[in-house]
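Source file: work.cif. Holds: mmCIF, N, CA and C atoms.
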data_protein
loop_
_atom_site.label_atom_id
_atom_site.label_comp_id
_atom_site.auth_asym_id
_atom_site.auth_seq_id
_atom_site.Cartn_x
_atom_site.Cartn_y
_atom_site.Cartn_z
N MET A 762 -22.28 31.08 -6.46
CA MET A 762 -21.04 31.17 -5.71
C MET A 762 -21.06 30.19 -4.54
N GLU A 763 -22.19 30.19 -3.81
CA GLU A 763 -22.32 29.29 -2.67
C GLU A 763 -22.34 27.84 -3.13
N ALA A 764 -22.96 27.57 -4.28
CA ALA A 764 -23.02 26.21 -4.81
C ALA A 764 -21.62 25.72 -5.18
N ALA A 765 -20.79 26.59 -5.74
CA ALA A 765 -19.43 26.21 -6.09
C ALA A 765 -18.62 25.89 -4.84
N ARG A 766 -18.79 26.67 -3.80
CA ARG A 766 -18.10 26.42 -2.54
C ARG A 766 -18.53 25.09 -1.94
N SER A 767 -19.83 24.82 -1.99
CA SER A 767 -20.36 23.56 -1.46
C SER A 767 -19.82 22.38 -2.24
N GLU A 768 -19.75 22.51 -3.56
CA GLU A 768 -19.22 21.44 -4.40
C GLU A 768 -17.73 21.20 -4.12
N ALA A 769 -16.97 22.25 -3.93
CA ALA A 769 -15.54 22.12 -3.61
C ALA A 769 -15.36 21.43 -2.26
N HIS A 770 -16.19 21.77 -1.31
CA HIS A 770 -16.11 21.14 0.01
C HIS A 770 -16.45 19.66 -0.09
N ARG A 771 -17.47 19.33 -0.87
CA ARG A 771 -17.85 17.93 -1.04
C ARG A 771 -16.72 17.15 -1.71
N ALA A 772 -16.09 17.74 -2.71
CA ALA A 772 -14.98 17.08 -3.39
C ALA A 772 -13.82 16.82 -2.43
N ALA A 773 -13.57 17.75 -1.52
CA ALA A 773 -12.49 17.57 -0.55
C ALA A 773 -12.82 16.46 0.45
N THR A 774 -14.07 16.34 0.85
CA THR A 774 -14.43 15.33 1.84
C THR A 774 -14.50 13.92 1.26
N THR A 775 -14.61 13.81 -0.07
CA THR A 775 -14.70 12.50 -0.71
C THR A 775 -13.49 12.20 -1.58
N TYR A 776 -12.39 12.92 -1.41
CA TYR A 776 -11.21 12.78 -2.26
C TYR A 776 -10.64 11.36 -2.21
N PHE A 777 -10.44 10.77 -3.39
CA PHE A 777 -9.77 9.48 -3.51
C PHE A 777 -9.14 9.39 -4.88
N ARG A 778 -7.92 8.89 -4.93
CA ARG A 778 -7.23 8.61 -6.19
C ARG A 778 -6.64 7.23 -6.11
N ALA A 779 -6.74 6.49 -7.18
CA ALA A 779 -6.15 5.15 -7.22
C ALA A 779 -4.62 5.27 -7.25
N ALA A 780 -3.97 4.26 -6.71
CA ALA A 780 -2.50 4.23 -6.69
C ALA A 780 -1.96 4.17 -8.11
N ARG A 781 -0.74 4.68 -8.29
CA ARG A 781 -0.10 4.60 -9.60
C ARG A 781 0.13 3.12 -9.94
N ARG A 782 -0.02 2.79 -11.19
CA ARG A 782 -0.01 1.38 -11.60
C ARG A 782 1.32 0.68 -11.35
N TRP A 783 2.44 1.27 -11.78
CA TRP A 783 3.72 0.58 -11.66
C TRP A 783 4.14 0.35 -10.21
N PRO A 784 4.11 1.36 -9.35
CA PRO A 784 4.47 1.07 -7.95
C PRO A 784 3.53 0.07 -7.29
N ALA A 785 2.25 0.13 -7.62
CA ALA A 785 1.30 -0.83 -7.05
C ALA A 785 1.59 -2.23 -7.57
N LEU A 786 1.93 -2.35 -8.85
CA LEU A 786 2.25 -3.65 -9.43
C LEU A 786 3.52 -4.23 -8.80
N VAL A 787 4.53 -3.39 -8.62
CA VAL A 787 5.77 -3.85 -7.99
C VAL A 787 5.50 -4.35 -6.57
N THR A 788 4.69 -3.60 -5.82
CA THR A 788 4.37 -4.00 -4.45
C THR A 788 3.60 -5.32 -4.44
N ALA A 789 2.61 -5.45 -5.30
CA ALA A 789 1.82 -6.68 -5.35
C ALA A 789 2.69 -7.88 -5.75
N LEU A 790 3.55 -7.69 -6.74
CA LEU A 790 4.43 -8.79 -7.16
C LEU A 790 5.43 -9.17 -6.06
N ALA A 791 5.97 -8.17 -5.38
CA ALA A 791 6.93 -8.46 -4.31
C ALA A 791 6.26 -9.24 -3.17
N LEU A 792 5.08 -8.82 -2.77
CA LEU A 792 4.38 -9.54 -1.70
C LEU A 792 3.93 -10.92 -2.17
N GLY A 793 3.53 -11.02 -3.42
CA GLY A 793 3.13 -12.32 -3.96
C GLY A 793 4.30 -13.28 -4.06
N CYS A 794 5.42 -12.80 -4.56
CA CYS A 794 6.62 -13.65 -4.64
C CYS A 794 7.13 -14.00 -3.25
N GLY A 795 7.03 -13.03 -2.34
CA GLY A 795 7.43 -13.30 -0.96
C GLY A 795 6.60 -14.41 -0.34
N ALA A 796 5.30 -14.38 -0.57
CA ALA A 796 4.43 -15.43 -0.06
C ALA A 796 4.79 -16.78 -0.68
N TRP A 797 5.08 -16.78 -1.97
CA TRP A 797 5.44 -18.01 -2.66
C TRP A 797 6.72 -18.61 -2.06
N VAL A 798 7.72 -17.76 -1.85
CA VAL A 798 8.99 -18.21 -1.30
C VAL A 798 8.84 -18.70 0.14
N VAL A 799 8.03 -18.01 0.92
CA VAL A 799 7.88 -18.36 2.34
C VAL A 799 7.02 -19.60 2.53
N PHE A 800 5.89 -19.69 1.82
CA PHE A 800 4.93 -20.75 2.09
C PHE A 800 5.02 -21.96 1.16
N TRP A 801 5.48 -21.78 -0.06
CA TRP A 801 5.55 -22.89 -1.02
C TRP A 801 6.91 -22.94 -1.73
N PRO A 802 8.01 -22.97 -0.99
CA PRO A 802 9.33 -22.93 -1.64
C PRO A 802 9.62 -24.16 -2.50
N GLN A 803 8.99 -25.29 -2.22
CA GLN A 803 9.23 -26.50 -3.00
C GLN A 803 8.66 -26.41 -4.41
N SER A 804 7.74 -25.48 -4.65
CA SER A 804 7.11 -25.39 -5.97
C SER A 804 7.75 -24.33 -6.87
N ILE A 805 8.79 -23.67 -6.41
CA ILE A 805 9.43 -22.62 -7.20
C ILE A 805 10.37 -23.23 -8.23
N PRO A 806 10.26 -22.85 -9.50
CA PRO A 806 11.18 -23.36 -10.54
C PRO A 806 12.49 -22.54 -10.53
N TYR A 807 13.35 -22.83 -9.58
CA TYR A 807 14.58 -22.04 -9.39
C TYR A 807 15.43 -21.96 -10.65
N GLU A 808 15.48 -23.04 -11.43
CA GLU A 808 16.31 -23.05 -12.64
C GLU A 808 15.77 -22.12 -13.71
N SER A 809 14.50 -21.74 -13.62
CA SER A 809 13.89 -20.84 -14.61
C SER A 809 14.00 -19.37 -14.23
N LEU A 810 14.58 -19.08 -13.08
CA LEU A 810 14.66 -17.70 -12.60
C LEU A 810 15.95 -16.99 -12.98
N GLY A 811 16.77 -17.65 -13.78
CA GLY A 811 18.04 -17.03 -14.19
C GLY A 811 18.95 -16.85 -12.98
N PRO A 812 19.67 -15.70 -12.92
CA PRO A 812 20.60 -15.50 -11.81
C PRO A 812 19.89 -15.35 -10.46
N LEU A 813 18.61 -15.06 -10.47
CA LEU A 813 17.86 -14.93 -9.22
C LEU A 813 17.55 -16.30 -8.61
N GLY A 814 17.54 -17.34 -9.43
CA GLY A 814 17.22 -18.69 -8.97
C GLY A 814 18.15 -19.22 -7.89
N PRO A 815 19.48 -19.29 -8.16
CA PRO A 815 20.38 -19.80 -7.12
C PRO A 815 20.37 -18.95 -5.84
N PHE A 816 20.23 -17.65 -6.01
CA PHE A 816 20.17 -16.77 -4.83
C PHE A 816 18.92 -17.05 -4.00
N THR A 817 17.79 -17.19 -4.67
CA THR A 817 16.54 -17.50 -3.97
C THR A 817 16.64 -18.87 -3.31
N GLN A 818 17.20 -19.83 -3.99
CA GLN A 818 17.38 -21.18 -3.43
C GLN A 818 18.26 -21.12 -2.18
N TYR A 819 19.34 -20.35 -2.24
CA TYR A 819 20.22 -20.19 -1.07
C TYR A 819 19.46 -19.58 0.11
N LEU A 820 18.69 -18.53 -0.16
CA LEU A 820 17.92 -17.90 0.92
C LEU A 820 16.91 -18.87 1.53
N VAL A 821 16.24 -19.62 0.70
CA VAL A 821 15.25 -20.59 1.20
C VAL A 821 15.94 -21.67 2.03
N ASP A 822 17.09 -22.15 1.56
CA ASP A 822 17.78 -23.24 2.25
C ASP A 822 18.46 -22.80 3.54
N HIS A 823 19.01 -21.58 3.56
CA HIS A 823 19.82 -21.17 4.70
C HIS A 823 19.22 -20.06 5.57
N HIS A 824 18.25 -19.36 5.07
CA HIS A 824 17.71 -18.20 5.82
C HIS A 824 16.18 -18.16 5.77
N HIS A 825 15.55 -19.32 5.89
CA HIS A 825 14.09 -19.36 5.77
C HIS A 825 13.42 -18.58 6.90
N THR A 826 13.97 -18.65 8.10
CA THR A 826 13.40 -17.90 9.23
C THR A 826 13.45 -16.40 8.96
N PHE A 827 14.54 -15.93 8.40
CA PHE A 827 14.68 -14.52 8.04
C PHE A 827 13.63 -14.13 7.00
N LEU A 828 13.44 -14.97 5.98
CA LEU A 828 12.43 -14.69 4.95
C LEU A 828 11.03 -14.68 5.55
N HIS A 829 10.74 -15.64 6.42
CA HIS A 829 9.43 -15.74 7.05
C HIS A 829 9.16 -14.50 7.90
N ASN A 830 10.11 -14.13 8.73
CA ASN A 830 9.94 -12.95 9.58
C ASN A 830 9.84 -11.67 8.74
N GLY A 831 10.65 -11.57 7.71
CA GLY A 831 10.62 -10.39 6.84
C GLY A 831 9.30 -10.24 6.13
N TYR A 832 8.72 -11.37 5.73
CA TYR A 832 7.42 -11.33 5.06
C TYR A 832 6.35 -10.77 6.00
N TRP A 833 6.31 -11.26 7.23
CA TRP A 833 5.30 -10.78 8.17
C TRP A 833 5.58 -9.36 8.64
N ILE A 834 6.83 -8.98 8.70
CA ILE A 834 7.15 -7.58 9.04
C ILE A 834 6.67 -6.65 7.93
N ALA A 835 6.81 -7.07 6.68
CA ALA A 835 6.31 -6.26 5.55
C ALA A 835 4.81 -6.03 5.69
N TRP A 836 4.06 -7.08 6.04
CA TRP A 836 2.61 -6.90 6.22
C TRP A 836 2.30 -6.04 7.43
N LEU A 837 3.10 -6.17 8.47
CA LEU A 837 2.90 -5.32 9.65
C LEU A 837 3.13 -3.85 9.31
N ILE A 838 4.11 -3.59 8.47
CA ILE A 838 4.36 -2.22 8.01
C ILE A 838 3.15 -1.71 7.22
N HIS A 839 2.56 -2.56 6.41
CA HIS A 839 1.37 -2.16 5.65
C HIS A 839 0.20 -1.86 6.58
N VAL A 840 0.08 -2.61 7.65
CA VAL A 840 -0.97 -2.31 8.64
C VAL A 840 -0.72 -0.93 9.25
N GLY A 841 0.53 -0.64 9.61
CA GLY A 841 0.88 0.67 10.16
C GLY A 841 0.60 1.79 9.17
N GLU A 842 0.93 1.56 7.90
CA GLU A 842 0.65 2.56 6.88
C GLU A 842 -0.85 2.79 6.72
N SER A 843 -1.63 1.73 6.85
CA SER A 843 -3.09 1.86 6.76
C SER A 843 -3.65 2.68 7.90
N LEU A 844 -3.13 2.45 9.10
CA LEU A 844 -3.58 3.24 10.25
C LEU A 844 -3.20 4.71 10.07
N TYR A 845 -2.00 4.95 9.53
CA TYR A 845 -1.58 6.32 9.27
C TYR A 845 -2.46 6.96 8.19
N ALA A 846 -2.87 6.17 7.20
CA ALA A 846 -3.77 6.68 6.16
C ALA A 846 -5.10 7.11 6.77
N MET A 847 -5.57 6.35 7.77
CA MET A 847 -6.81 6.71 8.44
C MET A 847 -6.66 8.06 9.16
N VAL A 848 -5.54 8.25 9.83
CA VAL A 848 -5.27 9.51 10.53
C VAL A 848 -5.15 10.65 9.52
N LEU A 849 -4.44 10.41 8.42
CA LEU A 849 -4.28 11.45 7.40
C LEU A 849 -5.61 11.85 6.78
N CYS A 850 -6.49 10.89 6.56
CA CYS A 850 -7.81 11.21 6.00
C CYS A 850 -8.52 12.21 6.90
N LYS A 851 -8.52 11.94 8.18
CA LYS A 851 -9.20 12.83 9.11
C LYS A 851 -8.54 14.20 9.16
N SER A 852 -7.21 14.24 9.16
CA SER A 852 -6.52 15.53 9.26
C SER A 852 -6.63 16.35 7.98
N LYS A 853 -6.88 15.69 6.85
CA LYS A 853 -7.00 16.41 5.58
C LYS A 853 -8.45 16.67 5.21
N GLY A 854 -9.37 16.36 6.11
CA GLY A 854 -10.77 16.67 5.88
C GLY A 854 -11.51 15.68 5.02
N ILE A 855 -10.97 14.48 4.83
CA ILE A 855 -11.66 13.45 4.07
C ILE A 855 -12.54 12.71 5.06
N THR A 856 -13.81 13.09 5.10
CA THR A 856 -14.72 12.56 6.11
C THR A 856 -15.70 11.53 5.57
N ASP A 857 -15.78 11.39 4.28
CA ASP A 857 -16.67 10.40 3.69
C ASP A 857 -16.18 8.99 4.04
N GLY A 858 -17.05 8.18 4.61
CA GLY A 858 -16.67 6.85 5.06
C GLY A 858 -16.17 5.95 3.94
N ARG A 859 -16.80 6.05 2.77
CA ARG A 859 -16.37 5.23 1.64
C ARG A 859 -14.97 5.63 1.17
N ALA A 860 -14.71 6.92 1.09
CA ALA A 860 -13.40 7.39 0.66
C ALA A 860 -12.33 6.97 1.67
N GLN A 861 -12.64 7.08 2.96
CA GLN A 861 -11.68 6.65 3.99
C GLN A 861 -11.39 5.16 3.87
N LEU A 862 -12.44 4.35 3.69
CA LEU A 862 -12.27 2.91 3.55
C LEU A 862 -11.41 2.58 2.33
N LEU A 863 -11.65 3.27 1.22
CA LEU A 863 -10.84 3.03 0.02
C LEU A 863 -9.37 3.35 0.26
N TRP A 864 -9.10 4.48 0.93
CA TRP A 864 -7.71 4.84 1.24
C TRP A 864 -7.07 3.78 2.15
N ILE A 865 -7.78 3.34 3.15
CA ILE A 865 -7.23 2.37 4.10
C ILE A 865 -6.95 1.03 3.41
N LEU A 866 -7.91 0.54 2.64
CA LEU A 866 -7.71 -0.74 1.95
C LEU A 866 -6.61 -0.65 0.89
N GLN A 867 -6.62 0.42 0.13
CA GLN A 867 -5.60 0.58 -0.91
C GLN A 867 -4.21 0.68 -0.29
N THR A 868 -4.10 1.40 0.81
CA THR A 868 -2.80 1.53 1.48
C THR A 868 -2.38 0.20 2.09
N PHE A 869 -3.31 -0.57 2.60
CA PHE A 869 -2.98 -1.89 3.14
C PHE A 869 -2.41 -2.78 2.04
N LEU A 870 -3.02 -2.74 0.86
CA LEU A 870 -2.57 -3.61 -0.23
C LEU A 870 -1.32 -3.12 -0.93
N PHE A 871 -1.20 -1.81 -1.13
CA PHE A 871 -0.12 -1.28 -1.95
C PHE A 871 0.88 -0.41 -1.20
N GLY A 872 0.68 -0.19 0.08
CA GLY A 872 1.64 0.52 0.90
C GLY A 872 1.91 1.95 0.46
N ILE A 873 3.19 2.26 0.36
CA ILE A 873 3.62 3.62 0.07
C ILE A 873 3.17 4.10 -1.30
N ALA A 874 2.90 3.18 -2.22
CA ALA A 874 2.39 3.56 -3.54
C ALA A 874 1.07 4.32 -3.41
N SER A 875 0.28 3.97 -2.41
CA SER A 875 -0.97 4.67 -2.15
C SER A 875 -0.77 5.81 -1.15
N LEU A 876 -0.04 5.52 -0.10
CA LEU A 876 0.12 6.51 0.98
C LEU A 876 0.79 7.79 0.48
N SER A 877 1.71 7.68 -0.46
CA SER A 877 2.40 8.87 -0.97
C SER A 877 1.42 9.83 -1.66
N ILE A 878 0.40 9.29 -2.31
CA ILE A 878 -0.61 10.14 -2.96
C ILE A 878 -1.41 10.89 -1.90
N LEU A 879 -1.79 10.18 -0.86
CA LEU A 879 -2.55 10.82 0.22
C LEU A 879 -1.71 11.85 0.95
N MET A 880 -0.44 11.56 1.17
CA MET A 880 0.44 12.50 1.85
C MET A 880 0.63 13.78 1.02
N ALA A 881 0.65 13.64 -0.30
CA ALA A 881 0.87 14.80 -1.17
C ALA A 881 -0.39 15.64 -1.35
N TYR A 882 -1.53 15.09 -1.02
CA TYR A 882 -2.80 15.81 -1.20
C TYR A 882 -2.85 17.03 -0.29
N ARG A 883 -3.14 18.17 -0.89
CA ARG A 883 -3.28 19.43 -0.16
C ARG A 883 -4.69 19.95 -0.41
N PRO A 884 -5.57 19.76 0.56
CA PRO A 884 -6.94 20.26 0.35
C PRO A 884 -6.95 21.77 0.30
N LYS A 885 -7.84 22.30 -0.52
CA LYS A 885 -7.96 23.75 -0.61
C LYS A 885 -8.66 24.26 0.63
N ARG A 886 -8.08 25.25 1.23
CA ARG A 886 -8.66 25.85 2.44
C ARG A 886 -9.73 26.84 2.03
N GLN A 887 -10.83 26.82 2.73
CA GLN A 887 -11.91 27.76 2.44
C GLN A 887 -11.58 29.10 3.05
N LYS A 888 -11.85 30.15 2.29
CA LYS A 888 -11.64 31.51 2.80
C LYS A 888 -12.75 31.84 3.79
N ARG A 889 -12.34 32.42 4.88
CA ARG A 889 -13.33 32.82 5.87
C ARG A 889 -13.66 34.29 5.68
N THR A 890 -14.94 34.57 5.63
CA THR A 890 -15.36 35.97 5.41
C THR A 890 -16.09 36.50 6.61
#
Go through the file and emit its structure as structure tokens.
Amino acid sequence: MEAARSEAHRAATTYFRAARRWPALVTALALGCGAWVVFWPQSIPYESLGPLGPFTQYLVDHHHTFLHNGYWIAWLIHVGESLYAMVLCKSKGITDGRAQLLWILQTFLFGIASLSILMAYRPKRQKRT
């Protein structure tokens, strides 16, 4: 009985789940395309992007400052989400340093795709006798 309780406590302190694939992929592609548009707009094949091509070309030509600022704001939001993930780990009893680091890094890279999993996590409370 005591061994089961100890194992459950250990599982709670080391809890980590990888982000869902599709939301993480969408986030990675959006940040990757954003970097491409902001830093290397001359290399984008606008004519190959279909209806998105002329729109992207217009944004690059007329609103590059907006795109540049938006790109860095997106990363700043990811930094904030990572800091919140660190706070959530502590409040949910995830004390293992490796698990905390994984949550922070994953949230930095994938944002809400990772943070939503951590926010939904409900650790089992131990009964006090």
Rounded to one decimal in Å, what is the spacing between atom N of A:Glu842 and atom C of A:Ile878? 13.7 Å
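Across the structure, atom CA of A:Thr868 and atom CA of A:Lys885 are spaced 22.9 Å apart.
Using all atoms listed in the file, the nearest neighbour of A:Leu792 within the list A:Tyr832, A:Ala780, A:Ser852, A:Tyr845 is A:Tyr832.
Atom CA of A:Ala796 is found 11.1 Å from atom N of A:Ile834.
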When you count only N, CA and C atoms, which of these residues is closest to A:Ser843: A:Gln867, A:Thr817, A:Thr856, A:Thr826? A:Gln867
Run through the PyMOL selection byres (((chain A and resi 778 and name CA) around 12) and name CA) on the given coordinates and return the selected residues as a ChimeraX atom specification. /A:772-773,775-777,779-782,860-861,863-864,867-868,874-882
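Nearest residue to A:Phe800 among A:His823, A:Lys851, A:His829, A:Arg883 is A:His829, counting only N, CA and C atoms.
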Export: stretch 863-881 of chain A, N, CA, C and O atoms, as a compact mmCIF listing (two decimals), in the first residue's frame:
# COMPACT_ATOMS: atom_id res chain seq x y z
N LEU A 863 11.65 20.11 -19.36
CA LEU A 863 10.93 19.67 -20.56
C LEU A 863 9.67 20.49 -20.79
O LEU A 863 9.37 20.88 -21.93
N TRP A 864 8.91 20.76 -19.72
CA TRP A 864 7.70 21.59 -19.86
C TRP A 864 8.06 22.99 -20.33
O TRP A 864 7.39 23.55 -21.21
N ILE A 865 9.10 23.57 -19.76
CA ILE A 865 9.48 24.95 -20.12
C ILE A 865 9.95 25.02 -21.57
O ILE A 865 9.51 25.89 -22.32
N LEU A 866 10.82 24.10 -21.97
CA LEU A 866 11.31 24.11 -23.36
C LEU A 866 10.20 23.81 -24.36
O LEU A 866 10.09 24.48 -25.40
N GLN A 867 9.38 22.83 -24.05
CA GLN A 867 8.29 22.49 -24.97
C GLN A 867 7.31 23.65 -25.10
O GLN A 867 6.85 23.95 -26.20
N THR A 868 7.01 24.31 -24.00
CA THR A 868 6.10 25.45 -24.05
C THR A 868 6.72 26.61 -24.80
O THR A 868 6.04 27.32 -25.54
N PHE A 869 8.02 26.81 -24.65
CA PHE A 869 8.70 27.87 -25.40
C PHE A 869 8.59 27.62 -26.90
O PHE A 869 8.32 28.53 -27.68
N LEU A 870 8.77 26.37 -27.32
CA LEU A 870 8.74 26.05 -28.74
C LEU A 870 7.34 25.96 -29.32
O LEU A 870 7.11 26.40 -30.46
N PHE A 871 6.39 25.40 -28.57
CA PHE A 871 5.07 25.13 -29.12
C PHE A 871 3.94 25.92 -28.48
O PHE A 871 2.78 25.75 -28.85
N GLY A 872 4.23 26.74 -27.49
CA GLY A 872 3.24 27.63 -26.91
C GLY A 872 2.05 26.92 -26.28
O GLY A 872 2.20 25.97 -25.51
N ILE A 873 0.87 27.38 -26.65
CA ILE A 873 -0.36 26.89 -26.03
C ILE A 873 -0.60 25.41 -26.32
O ILE A 873 -1.31 24.75 -25.55
N ALA A 874 -0.02 24.88 -27.39
CA ALA A 874 -0.16 23.45 -27.68
C ALA A 874 0.40 22.61 -26.53
O ALA A 874 -0.11 21.54 -26.23
N SER A 875 1.42 23.11 -25.87
CA SER A 875 2.00 22.43 -24.72
C SER A 875 1.35 22.91 -23.42
O SER A 875 1.00 22.11 -22.55
N LEU A 876 1.20 24.21 -23.30
CA LEU A 876 0.69 24.79 -22.05
C LEU A 876 -0.71 24.29 -21.72
O LEU A 876 -1.04 24.08 -20.55
N SER A 877 -1.54 24.06 -22.72
CA SER A 877 -2.90 23.59 -22.46
C SER A 877 -2.90 22.21 -21.80
O SER A 877 -3.76 21.92 -20.97
N ILE A 878 -1.94 21.37 -22.13
CA ILE A 878 -1.84 20.04 -21.50
C ILE A 878 -1.47 20.20 -20.03
O ILE A 878 -2.06 19.56 -19.16
N LEU A 879 -0.53 21.07 -19.76
CA LEU A 879 -0.12 21.30 -18.37
C LEU A 879 -1.24 21.94 -17.57
O LEU A 879 -1.47 21.58 -16.42
N MET A 880 -1.96 22.86 -18.17
CA MET A 880 -3.07 23.51 -17.47
C MET A 880 -4.18 22.51 -17.14
O MET A 880 -4.82 22.62 -16.10
N ALA A 881 -4.39 21.54 -18.01
CA ALA A 881 -5.46 20.55 -17.80
C ALA A 881 -5.07 19.47 -16.80
O ALA A 881 -5.94 18.77 -16.29
